[in-house]
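Structure data follow from run-v3.pdb (PDB, C-alpha atoms):
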ATOM      1  CA  MET X   1      12.137  53.741 153.494
ATOM      2  CA  LEU X   2      15.385  55.471 152.654
ATOM      3  CA  ASN X   3      18.757  54.125 153.697
ATOM      4  CA  GLN X   4      21.441  56.245 155.385
ATOM      5  CA  LYS X   5      23.209  57.242 152.148
ATOM      6  CA  GLN X   6      19.934  58.219 150.484
ATOM      7  CA  GLU X   7      19.057  60.355 153.513
ATOM      8  CA  MET X   8      22.476  62.010 153.227
ATOM      9  CA  ILE X   9      21.833  62.741 149.549
ATOM     10  CA  MET X  10      18.414  64.223 150.304
ATOM     11  CA  ASP X  11      19.856  66.435 153.066
ATOM     12  CA  PHE X  12      22.679  67.531 150.770
ATOM     13  CA  LEU X  13      20.259  68.478 147.990
ATOM     14  CA  ARG X  14      18.119  70.441 150.442
ATOM     15  CA  ARG X  15      21.163  72.604 151.147
ATOM     16  CA  GLU X  16      22.800  72.688 147.715
ATOM     17  CA  ILE X  17      19.559  72.785 145.659
ATOM     18  CA  ARG X  18      21.299  71.292 142.609
ATOM     19  CA  ALA X  19      24.432  69.149 142.394
ATOM     20  CA  SER X  20      26.374  66.912 140.032
ATOM     21  CA  THR X  21      26.741  63.180 140.574
ATOM     22  CA  SER X  22      30.431  63.574 141.393
ATOM     23  CA  LYS X  23      29.764  66.292 143.975
ATOM     24  CA  ILE X  24      27.144  64.096 145.639
ATOM     25  CA  ALA X  25      29.468  61.082 145.532
ATOM     26  CA  SER X  26      32.201  63.098 147.191
ATOM     27  CA  TYR X  27      29.830  64.275 149.905
ATOM     28  CA  ILE X  28      28.622  60.770 150.789
ATOM     29  CA  GLY X  29      32.131  59.343 150.518
ATOM     30  CA  LEU X  30      31.481  56.783 147.795
ATOM     31  CA  PRO X  31      32.539  56.315 144.155
ATOM     32  CA  ASN X  32      30.285  57.815 141.466
ATOM     33  CA  GLU X  33      28.898  54.372 140.572
ATOM     34  CA  TYR X  34      27.475  53.868 144.061
ATOM     35  CA  ALA X  35      26.128  57.404 144.272
ATOM     36  CA  LEU X  36      24.457  56.887 140.893
ATOM     37  CA  LYS X  37      22.814  53.694 142.207
ATOM     38  CA  TYR X  38      21.326  55.588 145.156
ATOM     39  CA  LEU X  39      20.316  58.511 142.950
ATOM     40  CA  SER X  40      18.628  56.159 140.486
ATOM     41  CA  GLU X  41      16.612  54.634 143.324
ATOM     42  CA  LEU X  42      15.584  58.115 144.491
ATOM     43  CA  LEU X  43      14.626  58.949 140.901
ATOM     44  CA  GLU X  44      12.475  55.799 140.666
ATOM     45  CA  ASN X  45      10.728  56.853 143.876
ATOM     46  CA  LYS X  46      10.113  60.304 142.363
ATOM     47  CA  LEU X  47      12.082  62.093 145.082
ATOM     48  CA  VAL X  48      14.696  63.680 142.805
ATOM     49  CA  ILE X  49      14.867  65.014 139.267
ATOM     50  CA  LYS X  50      17.705  64.317 136.858
ATOM     51  CA  GLU X  51      18.668  67.257 134.654
ATOM     52  CA  GLU X  52      20.884  66.414 131.708
ATOM     53  CA  GLU X  53      22.897  69.136 130.052
ATOM     54  CA  THR X  54      25.410  68.950 127.210
ATOM     55  CA  ASN X  55      28.286  67.468 129.196
ATOM     56  CA  ALA X  56      26.855  67.117 132.680
ATOM     57  CA  VAL X  57      24.107  65.623 134.789
ATOM     58  CA  TYR X  58      22.639  67.468 137.749
ATOM     59  CA  TRP X  59      20.255  66.328 140.449
ATOM     60  CA  ARG X  60      17.747  68.249 142.523
ATOM     61  CA  LEU X  61      14.831  67.468 144.791
ATOM     62  CA  LYS X  62      11.572  66.944 142.967
ATOM     63  CA  ASN X  63       9.714  69.654 144.866
ATOM     64  CA  GLU X  64      12.463  72.265 144.403
ATOM     65  CA  SER X  65      12.588  74.804 141.565
TER      66      SER X  65
END
Rewrite the structure of this file - the entire thing - as structure tokens.
Amino acid sequence: MLNQKQEMIMDFLRREIRASTSKIASYIGLPNEYALKYLSELLENKLVIKEEETNAVYWRLKNES
């Protein structure tokens, strides 16, 4: 079962398709560290995908292209 912040992240990623940790943190109103905690839990539950690029990390829903 997802908590309120995780639900917010999932809704945000449905609209944005792909977003950085800092953009997600800003949207949910928490520091990056807390957003990363929620994102890591979503990753463990195979609900999101973490895409690492040279100097950035992006997140998207697992079932999205």
- Task: Convert the output of the PyMOL selection byres ((chain X and resi 13) around 10) on the shown file into explicit residues, formatted as a list in words.
- Result: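 Output from the PyMOL selection byres ((chain X and resi 13) around 10), applied to this file: Glu7, Met8, Ile9, Met10, Asp11, Phe12, Arg14, Arg15, Glu16, Ile17, Arg18, Ala19, Ile24, Val48, Trp59, Arg60, Leu61 and Glu64 of chain X.
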- Task: Grab the CA of Lys46 in chain X to CA of Lys62 in chain X distance for me, in Å with one decimal place.
- Result: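 Spanning CA of Lys46 in chain X to CA of Lys62 in chain X is a straight-line distance of 6.8 Å.
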- Message: I need the residue nearest Tyr38 in chain X from this list: X:Asn63, X:Ser20, X:Ala25, X:Thr54. Use all atoms listed in the file for the distance.
- Response: X:Ala25
Excluding Thr21 in chain X and its own-chain neighbours fewer than 5 positions away, which residues fall within 7 Å of it when counting only C-alpha atoms? Please give them as a short mmCIF file (atom, residue, chain, number, x, y, z; two decimals) with C-alpha atoms, in the frame of the given file.
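Result file out-v3.cif:
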data_model
loop_
_atom_site.label_atom_id
_atom_site.label_comp_id
_atom_site.auth_asym_id
_atom_site.auth_seq_id
_atom_site.Cartn_x
_atom_site.Cartn_y
_atom_site.Cartn_z
CA ASN X 32 30.28 57.82 141.47
CA ALA X 35 26.13 57.40 144.27
CA LEU X 36 24.46 56.89 140.89
CA VAL X 57 24.11 65.62 134.79
CA TYR X 58 22.64 67.47 137.75
#
- Task: Considering all atoms listed in the file, state which residue in the set X:Asn55, X:Ser26, X:Gln6, X:Met1 is at the smallest distance from Leu42 in chain X.
- Result: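 The answer is X:Gln6, which sits nearest to Leu42 in chain X.
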- Task: Have a look at CA of Tyr27 in chain X and CA of Glu52 in chain X and let me know their distance in Å, one decimal.
- Result: 20.4 Å
- What separation in Å, quoted to one decimal, exists between CA of Leu30 in chain X and CA of Glu51 in chain X?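 So the answer is 21.1 Å.
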Please complete range 40-52 of chain X with N, CA, C and O atoms and give it back as a PDB file, in the frame of the given file.
ATOM      1  N   SER X  40      19.587  56.827 141.362  1.00  0.00           N
ATOM      2  CA  SER X  40      18.628  56.159 140.486  1.00  0.00           C
ATOM      3  C   SER X  40      17.436  55.635 141.274  1.00  0.00           C
ATOM      4  O   SER X  40      16.288  55.721 140.818  1.00  0.00           O
ATOM      5  N   GLU X  41      17.702  55.110 142.467  1.00  0.00           N
ATOM      6  CA  GLU X  41      16.612  54.634 143.324  1.00  0.00           C
ATOM      7  C   GLU X  41      15.734  55.797 143.773  1.00  0.00           C
ATOM      8  O   GLU X  41      14.508  55.680 143.801  1.00  0.00           O
ATOM      9  N   LEU X  42      16.356  56.931 144.109  1.00  0.00           N
ATOM     10  CA  LEU X  42      15.584  58.115 144.491  1.00  0.00           C
ATOM     11  C   LEU X  42      14.766  58.633 143.309  1.00  0.00           C
ATOM     12  O   LEU X  42      13.630  59.078 143.482  1.00  0.00           O
ATOM     13  N   LEU X  43      15.332  58.546 142.116  1.00  0.00           N
ATOM     14  CA  LEU X  43      14.626  58.949 140.901  1.00  0.00           C
ATOM     15  C   LEU X  43      13.408  58.052 140.666  1.00  0.00           C
ATOM     16  O   LEU X  43      12.318  58.539 140.366  1.00  0.00           O
ATOM     17  N   GLU X  44      13.585  56.753 140.833  1.00  0.00           N
ATOM     18  CA  GLU X  44      12.475  55.799 140.666  1.00  0.00           C
ATOM     19  C   GLU X  44      11.349  56.081 141.659  1.00  0.00           C
ATOM     20  O   GLU X  44      10.170  55.884 141.342  1.00  0.00           O
ATOM     21  N   ASN X  45      11.717  56.535 142.846  1.00  0.00           N
ATOM     22  CA  ASN X  45      10.728  56.853 143.876  1.00  0.00           C
ATOM     23  C   ASN X  45      10.198  58.281 143.763  1.00  0.00           C
ATOM     24  O   ASN X  45       9.490  58.759 144.639  1.00  0.00           O
ATOM     25  N   LYS X  46      10.588  58.951 142.669  1.00  0.00           N
ATOM     26  CA  LYS X  46      10.113  60.304 142.363  1.00  0.00           C
ATOM     27  C   LYS X  46      10.452  61.326 143.448  1.00  0.00           C
ATOM     28  O   LYS X  46       9.692  62.247 143.723  1.00  0.00           O
ATOM     29  N   LEU X  47      11.634  61.160 144.054  1.00  0.00           N
ATOM     30  CA  LEU X  47      12.082  62.093 145.082  1.00  0.00           C
ATOM     31  C   LEU X  47      13.074  63.113 144.539  1.00  0.00           C
ATOM     32  O   LEU X  47      13.245  64.181 145.125  1.00  0.00           O
ATOM     33  N   VAL X  48      13.743  62.770 143.431  1.00  0.00           N
ATOM     34  CA  VAL X  48      14.696  63.680 142.805  1.00  0.00           C
ATOM     35  C   VAL X  48      14.409  63.780 141.313  1.00  0.00           C
ATOM     36  O   VAL X  48      13.710  62.944 140.741  1.00  0.00           O
ATOM     37  N   ILE X  49      14.973  64.802 140.710  1.00  0.00           N
ATOM     38  CA  ILE X  49      14.867  65.014 139.267  1.00  0.00           C
ATOM     39  C   ILE X  49      16.277  65.016 138.694  1.00  0.00           C
ATOM     40  O   ILE X  49      17.193  65.609 139.274  1.00  0.00           O
ATOM     41  N   LYS X  50      16.427  64.367 137.561  1.00  0.00           N
ATOM     42  CA  LYS X  50      17.705  64.317 136.858  1.00  0.00           C
ATOM     43  C   LYS X  50      17.649  65.319 135.715  1.00  0.00           C
ATOM     44  O   LYS X  50      16.752  65.266 134.875  1.00  0.00           O
ATOM     45  N   GLU X  51      18.597  66.238 135.707  1.00  0.00           N
ATOM     46  CA  GLU X  51      18.668  67.257 134.654  1.00  0.00           C
ATOM     47  C   GLU X  51      19.927  67.011 133.836  1.00  0.00           C
ATOM     48  O   GLU X  51      21.035  67.107 134.355  1.00  0.00           O
ATOM     49  N   GLU X  52      19.746  66.681 132.578  1.00  0.00           N
ATOM     50  CA  GLU X  52      20.884  66.414 131.708  1.00  0.00           C
ATOM     51  C   GLU X  52      21.182  67.637 130.852  1.00  0.00           C
ATOM     52  O   GLU X  52      20.293  68.179 130.217  1.00  0.00           O
TER      53      GLU X  52
END
